Amino acid sequence: MTTLREAHDALLERALLLDAEDPLSAYRERFIGTETDLSYLDGNSLGRPLKRTAEDINTFIHSGWGGRLIRGWDEEWLELPQAIGDQLGRAVLGAAAGQTIIADSTTVVLYKLIRAALAAVKDPARTEIVLDTDNFPTDRYLVEGIAREEGLTLRWIDADPDSGVTLDQVRAAVGQATAVVLLSHVAYRSGFLADLPGITAAVHDAGALAVWDLCHSAGSVEIALDAAGVDFAAGCTYKYLNGGPGSPAFAYVNARHLPGLAQPIWGWMGRRDAFEMGPGYEPAPGIRGFLSGTPAIFGMIAMRGTLDLLEEVGMAAVREKSLRLTAYALELHDAWLAPAGVRLATPRAPEQRGSHITVDHPSFREVTAALWDKDVIPDFRAPAGIRIGLSPLSTGFAELHRGMAAVRDLLPRH
Ligand SMILES: *Cc1c(COP(=O)(O)O)cnc(C)c1O
């Protein structure tokens with residue numbers, strides 16, 4: 001019979017083996033702070049910075065901002081939203097050039113995209129927006145506000161909080177009254193990975209348009225927006241793309257929708273020939289028309305390192321490591337947490353998992369506070385969940401082992 005001690009050591013040995021066999025392990029050292037014993041399990045909320053990013057920002061301050069001053073706009077910065085958008089499209093989104101732009105926050109970008117999608121639906125009989133009860137709060141609030149502005153009806157899909165919105169649920173919700181469907185690709189709480197190609201096709205079969213929120217999938221799972229025929233998508237760059245706190249969001253608009261498409265925030269940066277400063281708004285052609293105000297250059301400089309890295313490594317390898325990390329997290333959960341009364345709130349099937357798992361226990365609000373004091377950093381999501389976020393390029397298996405051992409040790413004993 002194996003003792004508890006031996007079982008524990010076997011799990012540690014597995015972590016060491018998984019680290020040794022991990023083809024991406026060397027990339028972990030390129031991130032600031034990974035040489036310490038801190039266990040960071042929240043890269044799905046705020047990614048760690050690359051060491052290179054410190055240099056990139058320093059160079060930008062001294063040579064770019066400090067050296068080129070206002071000339072920087074003409075020389076480089078005005079083009080960055082599209083240049084970095086194209087790189088993101090190529091490296092992460094499966095999007096050909098000219099369809100992705102960096103701008104605003106996810107909340108504002110989603111607002112612009114949903115309103116643009118509604119404007120693109122020409123049929124006045126389509127008066128419903130479909131969304132789900134478990135989507136991220138900002139997504140739900142936005143659609144509530146837009147429905148009020150536009151006099152539209154909300155059709156809610158009742159999502160299972162331990163998994164997420166299924167293809168069958170979408171098929172049942174859409175019809176001749178549907179204008180737009182808004183869903184998250186990876187559920188922020190459960191980590192459920194939705195069937196993006198299948199659902200997009202079902203939305204199109206119903207004659208409606210699909211808007212996808214990619215906040216928890218961009219940089220962690222493979223995405224093929226063009227191949228799936230997605231209409232619109234948005235996401236943040238401070239999670240798996242490591243752009244830093246408050247770095248700007250991205251917007252994707254499928255090229256077939258771009259001609260003549262209208263977005264609702266008419267600013268000078270999205271106008272044809274912004275510096276003409278002429279009378280009247282006329283959108284810039286293409287994806288540039290989705291800009292509104294002055295782009296946030298700092299965050300774009302900061303995300304370049306990760307985009308270069310993702311392009312070098314390839315999303316297939318990133319996804320493979322992510323699946324190994326979540327599988328090992330499930331193993332630790334089953335060995336240590338489930339016997340102590342913890343409940344898994346994430347699907348077990350690999351094809352339904354994003355890059356984090358969520359575990360529930362009534363003590364977890366207090367446990368999370370104690371974990372943070374010990375330099376073990378997951379996050380807490382009400383009512384009782386700890387989210388264990390596994391950022392494929394920067395999270396190690398021994399780091400994950402350390403963090404989940406700390407969760408186990410803080411669980412109340414009966
Ligand atoms: C993190 C997240 C957001 C954040 O929106 P911001 O405007 O950047 O605050 C939106 N939607 C989802 C699904 C998220 O996970």
# chains A, B, ... in the order shown; residues from 1 in each chain; ligands from 1
>>> residues_near_ligand(ligand="ligand 1", cutoff="7 Å", atoms="only C-alpha atoms and all ligand atoms", output="PyMOL selection string")
chain A and resi 45+105-108+135-136+138-139+184+187-188+213-216+235-236+246+249
>>> residues_around(residues="Thr178 (chain A)", least_positions_apart="2", cutoff="10 Å", atoms="only C-alpha atoms", output="CSV table (one decimal) with C-alpha atoms, in the first residue's frame")
chain,number,residue,atom,x,y,z
A,121,VAL,CA,-28.2,43.1,-40.2
A,123,ASP,CA,-33.7,42.8,-41.8
A,125,ALA,CA,-37.6,41.6,-38.3
A,126,ARG,CA,-34.4,40.6,-36.6
A,127,THR,CA,-34.9,42.2,-33.2
A,128,GLU,CA,-33.1,39.8,-30.8
A,129,ILE,CA,-29.6,39.6,-29.4
A,130,VAL,CA,-28.7,36.1,-28.0
A,153,THR,CA,-35.0,42.0,-27.1
A,154,LEU,CA,-32.5,39.8,-25.2
A,155,ARG,CA,-32.7,36.1,-25.6
A,173,ALA,CA,-32.0,29.9,-29.3
A,174,VAL,CA,-31.5,31.3,-32.8
A,175,GLY,CA,-34.1,31.8,-35.5
A,176,GLN,CA,-35.7,34.3,-37.8
A,180,VAL,CA,-26.6,39.0,-33.3
A,181,VAL,CA,-25.2,36.3,-31.0
A,203,VAL,CA,-25.7,31.3,-36.2
A,206,ALA,CA,-30.2,31.1,-38.8
A,207,GLY,CA,-29.3,34.2,-40.9
A,208,ALA,CA,-27.6,36.0,-37.9
A,209,LEU,CA,-24.2,37.3,-37.1
>>> closest_residue(among="A:Arg148, A:Arg304, A:Arg288, A:Arg171", to="Glu55 (chain A)", atoms="only C-alpha atoms")
A:Arg304
>>> atom_distance(atom1="CA of Ala302 (chain A)", atom2="CA of Ala398 (chain A)")
27.4 Å
>>> closest_residue(among="A:Glu276, A:Arg189, A:Gly396, A:Glu144", to="Ala159 (chain A)", atoms="only C-alpha atoms")
A:Arg189
>>> residues_around(residues="Val92 (chain A)", least_positions_apart="3", cutoff="9 Å", atoms="only C-alpha atoms", output="list of chain:residue names")
A:Gln87, A:Leu88, A:Gly89, A:Ala95, A:Ala218, A:Gly219, A:Ser220, A:Val221, A:Glu222, A:Ile223, A:Ala224, A:Leu307, A:Leu310, A:Glu311, A:Gly314, A:Met315
>>> write_last_selection(atoms="C-alpha atoms", output="PDB file, in the first residue's frame")
ATOM      1  CA  GLN A  87       0.763  40.366 -36.305  1.00  0.00           C
ATOM      2  CA  LEU A  88      -1.812  39.273 -33.722  1.00  0.00           C
ATOM      3  CA  GLY A  89      -4.076  38.082 -36.523  1.00  0.00           C
ATOM      4  CA  ALA A  95      -6.822  36.092 -39.447  1.00  0.00           C
ATOM      5  CA  ALA A 218      -6.291  34.587 -27.355  1.00  0.00           C
ATOM      6  CA  GLY A 219      -2.796  33.254 -26.706  1.00  0.00           C
ATOM      7  CA  SER A 220      -3.906  30.045 -24.988  1.00  0.00           C
ATOM      8  CA  VAL A 221      -5.896  28.010 -27.538  1.00  0.00           C
ATOM      9  CA  GLU A 222      -5.700  27.701 -31.298  1.00  0.00           C
ATOM     10  CA  ILE A 223      -8.092  30.050 -33.085  1.00  0.00           C
ATOM     11  CA  ALA A 224      -8.982  30.110 -36.778  1.00  0.00           C
ATOM     12  CA  LEU A 307       3.512  38.259 -30.045  1.00  0.00           C
ATOM     13  CA  LEU A 310       3.953  33.206 -29.988  1.00  0.00           C
ATOM     14  CA  GLU A 311       4.866  33.549 -33.623  1.00  0.00           C
ATOM     15  CA  GLY A 314       3.384  28.523 -32.745  1.00  0.00           C
ATOM     16  CA  MET A 315      -0.065  28.214 -31.172  1.00  0.00           C
TER      17      MET A 315
END
>>> select_by_dssp(residues="region 122-325 of chain A", states="helix (DSSP H, G or I)", output="ChimeraX atom specification")
/A:137-150,167-173,196-205,225-228,255-257,268-270,274-276,286-290,297-313,315-325
>>> select_by_dssp(residues="region 43-291 of chain A", states="strand (DSSP E or B)", output="NGL selection string")
:A and (50 or 100-103 or 128-132 or 153-157 or 178-184 or 186 or 192-193 or 209-213 or 232-235 or 249-253 or 271 or 283)
>>> write_last_selection(atoms="C-alpha atoms", output="PDB file, in the first residue's frame")
ATOM      1  CA  LEU A  50       8.767  39.278 -20.371  1.00  0.00           C
ATOM      2  CA  THR A 100      -7.558  43.201 -36.874  1.00  0.00           C
ATOM      3  CA  ILE A 101      -6.819  46.430 -35.028  1.00  0.00           C
ATOM      4  CA  ILE A 102      -5.618  47.305 -31.520  1.00  0.00           C
ATOM      5  CA  ALA A 103      -7.781  49.885 -29.753  1.00  0.00           C
ATOM      6  CA  GLU A 128     -33.141  39.799 -30.805  1.00  0.00           C
ATOM      7  CA  ILE A 129     -29.635  39.580 -29.369  1.00  0.00           C
ATOM      8  CA  VAL A 130     -28.716  36.146 -28.023  1.00  0.00           C
ATOM      9  CA  LEU A 131     -26.370  35.942 -25.032  1.00  0.00           C
ATOM     10  CA  ASP A 132     -25.816  33.659 -22.053  1.00  0.00           C
ATOM     11  CA  THR A 153     -35.022  42.015 -27.056  1.00  0.00           C
ATOM     12  CA  LEU A 154     -32.532  39.833 -25.192  1.00  0.00           C
ATOM     13  CA  ARG A 155     -32.747  36.069 -25.564  1.00  0.00           C
ATOM     14  CA  TRP A 156     -30.822  34.439 -22.730  1.00  0.00           C
ATOM     15  CA  ILE A 157     -29.208  31.018 -22.964  1.00  0.00           C
ATOM     16  CA  THR A 178     -32.073  36.714 -34.232  1.00  0.00           C
ATOM     17  CA  ALA A 179     -29.840  39.597 -35.234  1.00  0.00           C
ATOM     18  CA  VAL A 180     -26.624  38.961 -33.315  1.00  0.00           C
ATOM     19  CA  VAL A 181     -25.219  36.277 -31.006  1.00  0.00           C
ATOM     20  CA  LEU A 182     -22.534  37.229 -28.467  1.00  0.00           C
ATOM     21  CA  LEU A 183     -20.563  34.461 -26.746  1.00  0.00           C
ATOM     22  CA  SER A 184     -17.216  33.878 -25.063  1.00  0.00           C
ATOM     23  CA  VAL A 186     -13.493  30.251 -23.288  1.00  0.00           C
ATOM     24  CA  PHE A 192     -15.126  25.725 -20.914  1.00  0.00           C
ATOM     25  CA  LEU A 193     -14.001  25.940 -24.540  1.00  0.00           C
ATOM     26  CA  LEU A 209     -24.160  37.284 -37.136  1.00  0.00           C
ATOM     27  CA  ALA A 210     -21.693  35.985 -34.535  1.00  0.00           C
ATOM     28  CA  VAL A 211     -19.605  38.167 -32.214  1.00  0.00           C
ATOM     29  CA  TRP A 212     -16.989  36.248 -30.206  1.00  0.00           C
ATOM     30  CA  ASP A 213     -15.226  37.402 -27.045  1.00  0.00           C
ATOM     31  CA  PHE A 232     -16.678  39.860 -35.433  1.00  0.00           C
ATOM     32  CA  ALA A 233     -14.371  39.186 -32.478  1.00  0.00           C
ATOM     33  CA  ALA A 234     -12.728  41.096 -29.642  1.00  0.00           C
ATOM     34  CA  GLY A 235     -10.426  40.334 -26.762  1.00  0.00           C
ATOM     35  CA  ALA A 249      -7.906  45.465 -26.702  1.00  0.00           C
ATOM     36  CA  PHE A 250      -8.182  44.060 -30.217  1.00  0.00           C
ATOM     37  CA  ALA A 251     -11.038  44.059 -32.676  1.00  0.00           C
ATOM     38  CA  TYR A 252     -11.446  41.654 -35.592  1.00  0.00           C
ATOM     39  CA  VAL A 253     -13.893  42.341 -38.394  1.00  0.00           C
ATOM     40  CA  ARG A 271     -11.765  59.308 -39.922  1.00  0.00           C
ATOM     41  CA  PRO A 283     -14.838  56.601 -41.829  1.00  0.00           C
TER      42      PRO A 283
END
>>> residues_around(residues="Ile146 (chain A)", least_positions_apart="6", cutoff="8 Å", atoms="only C-alpha atoms", output="list of chain:residue names")
A:Tyr111, A:Arg115, A:Leu152
>>> write_last_selection(atoms="all heavy atoms", output="PDB file, in the first residue's frame")
ATOM      1  N   TYR A 111     -18.600  46.979 -27.581  1.00  0.00           N
ATOM      2  CA  TYR A 111     -19.733  47.876 -27.848  1.00  0.00           C
ATOM      3  C   TYR A 111     -19.753  48.280 -29.326  1.00  0.00           C
ATOM      4  O   TYR A 111     -20.788  48.195 -30.005  1.00  0.00           O
ATOM      5  CB  TYR A 111     -19.647  49.121 -26.954  1.00  0.00           C
ATOM      6  CG  TYR A 111     -20.743  50.121 -27.246  1.00  0.00           C
ATOM      7  CD1 TYR A 111     -22.030  49.942 -26.736  1.00  0.00           C
ATOM      8  CD2 TYR A 111     -20.505  51.220 -28.073  1.00  0.00           C
ATOM      9  CE1 TYR A 111     -23.045  50.840 -27.035  1.00  0.00           C
ATOM     10  CE2 TYR A 111     -21.514  52.121 -28.378  1.00  0.00           C
ATOM     11  CZ  TYR A 111     -22.781  51.925 -27.851  1.00  0.00           C
ATOM     12  OH  TYR A 111     -23.793  52.802 -28.160  1.00  0.00           O
ATOM     13  N   ARG A 115     -22.680  46.980 -32.005  1.00  0.00           N
ATOM     14  CA  ARG A 115     -23.474  47.984 -32.722  1.00  0.00           C
ATOM     15  C   ARG A 115     -23.235  47.899 -34.241  1.00  0.00           C
ATOM     16  O   ARG A 115     -24.176  48.041 -35.035  1.00  0.00           O
ATOM     17  CB  ARG A 115     -23.156  49.400 -32.212  1.00  0.00           C
ATOM     18  CG  ARG A 115     -23.675  49.710 -30.800  1.00  0.00           C
ATOM     19  CD  ARG A 115     -25.161  50.090 -30.802  1.00  0.00           C
ATOM     20  NE  ARG A 115     -25.447  51.109 -31.792  1.00  0.00           N
ATOM     21  CZ  ARG A 115     -25.528  52.416 -31.562  1.00  0.00           C
ATOM     22  NH1 ARG A 115     -25.361  52.875 -30.324  1.00  0.00           N
ATOM     23  NH2 ARG A 115     -25.781  53.257 -32.531  1.00  0.00           N
ATOM     24  N   LEU A 152     -34.249  46.568 -28.655  1.00  0.00           N
ATOM     25  CA  LEU A 152     -34.175  45.157 -29.021  1.00  0.00           C
ATOM     26  C   LEU A 152     -34.494  44.264 -27.821  1.00  0.00           C
ATOM     27  O   LEU A 152     -34.537  44.725 -26.685  1.00  0.00           O
ATOM     28  CB  LEU A 152     -32.782  44.833 -29.559  1.00  0.00           C
ATOM     29  CG  LEU A 152     -32.376  45.635 -30.803  1.00  0.00           C
ATOM     30  CD1 LEU A 152     -30.927  45.403 -31.145  1.00  0.00           C
ATOM     31  CD2 LEU A 152     -33.276  45.290 -31.993  1.00  0.00           C
TER      32      LEU A 152
END
>>> residues_around(residues="Arg256 (chain A)", least_positions_apart="2", cutoff="12 Å", atoms="only C-alpha atoms", output="list in words")
Gly98, Gln99, Ala120, Asp226, Gly229, Val230, Asp231, Phe232, Tyr252, Val253, Asn254, Leu258, Pro259, Gly260, Leu261, Gly286 and Ile287 of chain A
>>> write_last_selection(atoms="N, CA and C atoms", output="PDB file, in the first residue's frame")
ATOM      1  N   GLY A  98      -5.313  43.005 -42.350  1.00  0.00           N
ATOM      2  CA  GLY A  98      -6.314  44.007 -42.693  1.00  0.00           C
ATOM      3  C   GLY A  98      -7.651  43.835 -41.990  1.00  0.00           C
ATOM      4  N   GLN A  99      -7.728  42.899 -41.030  1.00  0.00           N
ATOM      5  CA  GLN A  99      -9.013  42.659 -40.357  1.00  0.00           C
ATOM      6  C   GLN A  99      -8.943  42.863 -38.847  1.00  0.00           C
ATOM      7  N   ALA A 120     -25.196  45.972 -39.551  1.00  0.00           N
ATOM      8  CA  ALA A 120     -24.985  45.163 -40.755  1.00  0.00           C
ATOM      9  C   ALA A 120     -26.151  44.221 -41.027  1.00  0.00           C
ATOM     10  N   ASP A 226     -10.749  33.235 -39.624  1.00  0.00           N
ATOM     11  CA  ASP A 226     -11.087  33.280 -41.055  1.00  0.00           C
ATOM     12  C   ASP A 226     -11.698  31.951 -41.486  1.00  0.00           C
ATOM     13  N   GLY A 229     -15.156  31.504 -40.517  1.00  0.00           N
ATOM     14  CA  GLY A 229     -16.077  32.511 -41.048  1.00  0.00           C
ATOM     15  C   GLY A 229     -16.675  33.407 -39.981  1.00  0.00           C
ATOM     16  N   VAL A 230     -15.954  33.558 -38.855  1.00  0.00           N
ATOM     17  CA  VAL A 230     -16.452  34.418 -37.768  1.00  0.00           C
ATOM     18  C   VAL A 230     -16.692  35.830 -38.311  1.00  0.00           C
ATOM     19  N   ASP A 231     -17.751  36.467 -37.832  1.00  0.00           N
ATOM     20  CA  ASP A 231     -18.080  37.811 -38.305  1.00  0.00           C
ATOM     21  C   ASP A 231     -17.258  38.874 -37.584  1.00  0.00           C
ATOM     22  N   PHE A 232     -17.344  38.840 -36.249  1.00  0.00           N
ATOM     23  CA  PHE A 232     -16.678  39.860 -35.433  1.00  0.00           C
ATOM     24  C   PHE A 232     -16.069  39.182 -34.201  1.00  0.00           C
ATOM     25  N   TYR A 252     -11.540  42.345 -34.300  1.00  0.00           N
ATOM     26  CA  TYR A 252     -11.446  41.654 -35.592  1.00  0.00           C
ATOM     27  C   TYR A 252     -12.773  41.835 -36.310  1.00  0.00           C
ATOM     28  N   VAL A 253     -12.695  42.271 -37.558  1.00  0.00           N
ATOM     29  CA  VAL A 253     -13.893  42.341 -38.394  1.00  0.00           C
ATOM     30  C   VAL A 253     -13.588  41.569 -39.673  1.00  0.00           C
ATOM     31  N   ASN A 254     -14.388  40.570 -39.965  1.00  0.00           N
ATOM     32  CA  ASN A 254     -14.178  39.786 -41.181  1.00  0.00           C
ATOM     33  C   ASN A 254     -14.252  40.707 -42.401  1.00  0.00           C
ATOM     34  N   LEU A 258     -16.386  44.546 -43.970  1.00  0.00           N
ATOM     35  CA  LEU A 258     -15.757  45.865 -43.816  1.00  0.00           C
ATOM     36  C   LEU A 258     -16.309  46.948 -44.749  1.00  0.00           C
ATOM     37  N   PRO A 259     -16.553  46.648 -46.023  1.00  0.00           N
ATOM     38  CA  PRO A 259     -16.999  47.753 -46.890  1.00  0.00           C
ATOM     39  C   PRO A 259     -18.326  48.362 -46.409  1.00  0.00           C
ATOM     40  N   GLY A 260     -18.285  49.638 -46.147  1.00  0.00           N
ATOM     41  CA  GLY A 260     -19.504  50.356 -45.779  1.00  0.00           C
ATOM     42  C   GLY A 260     -19.981  50.135 -44.360  1.00  0.00           C
ATOM     43  N   LEU A 261     -19.202  49.392 -43.544  1.00  0.00           N
ATOM     44  CA  LEU A 261     -19.641  49.095 -42.179  1.00  0.00           C
ATOM     45  C   LEU A 261     -19.510  50.332 -41.297  1.00  0.00           C
ATOM     46  N   GLY A 286     -11.626  50.311 -44.490  1.00  0.00           N
ATOM     47  CA  GLY A 286     -11.092  49.110 -43.859  1.00  0.00           C
ATOM     48  C   GLY A 286     -11.181  49.141 -42.350  1.00  0.00           C
ATOM     49  N   ILE A 287     -10.355  48.322 -41.720  1.00  0.00           N
ATOM     50  CA  ILE A 287     -10.408  48.142 -40.267  1.00  0.00           C
ATOM     51  C   ILE A 287     -10.018  49.416 -39.526  1.00  0.00           C
TER      52      ILE A 287
END
>>> residues_around(residues="Phe60 (chain A)", least_positions_apart="6", cutoff="9 Å", atoms="only C-alpha atoms", output="ChimeraX atom specification")
/A:66-67,298,301
>>> closest_residue(among="A:Leu291, A:Leu400, A:Val407, A:Ile199", to="Ala274 (chain A)", atoms="only C-alpha atoms")
A:Leu291
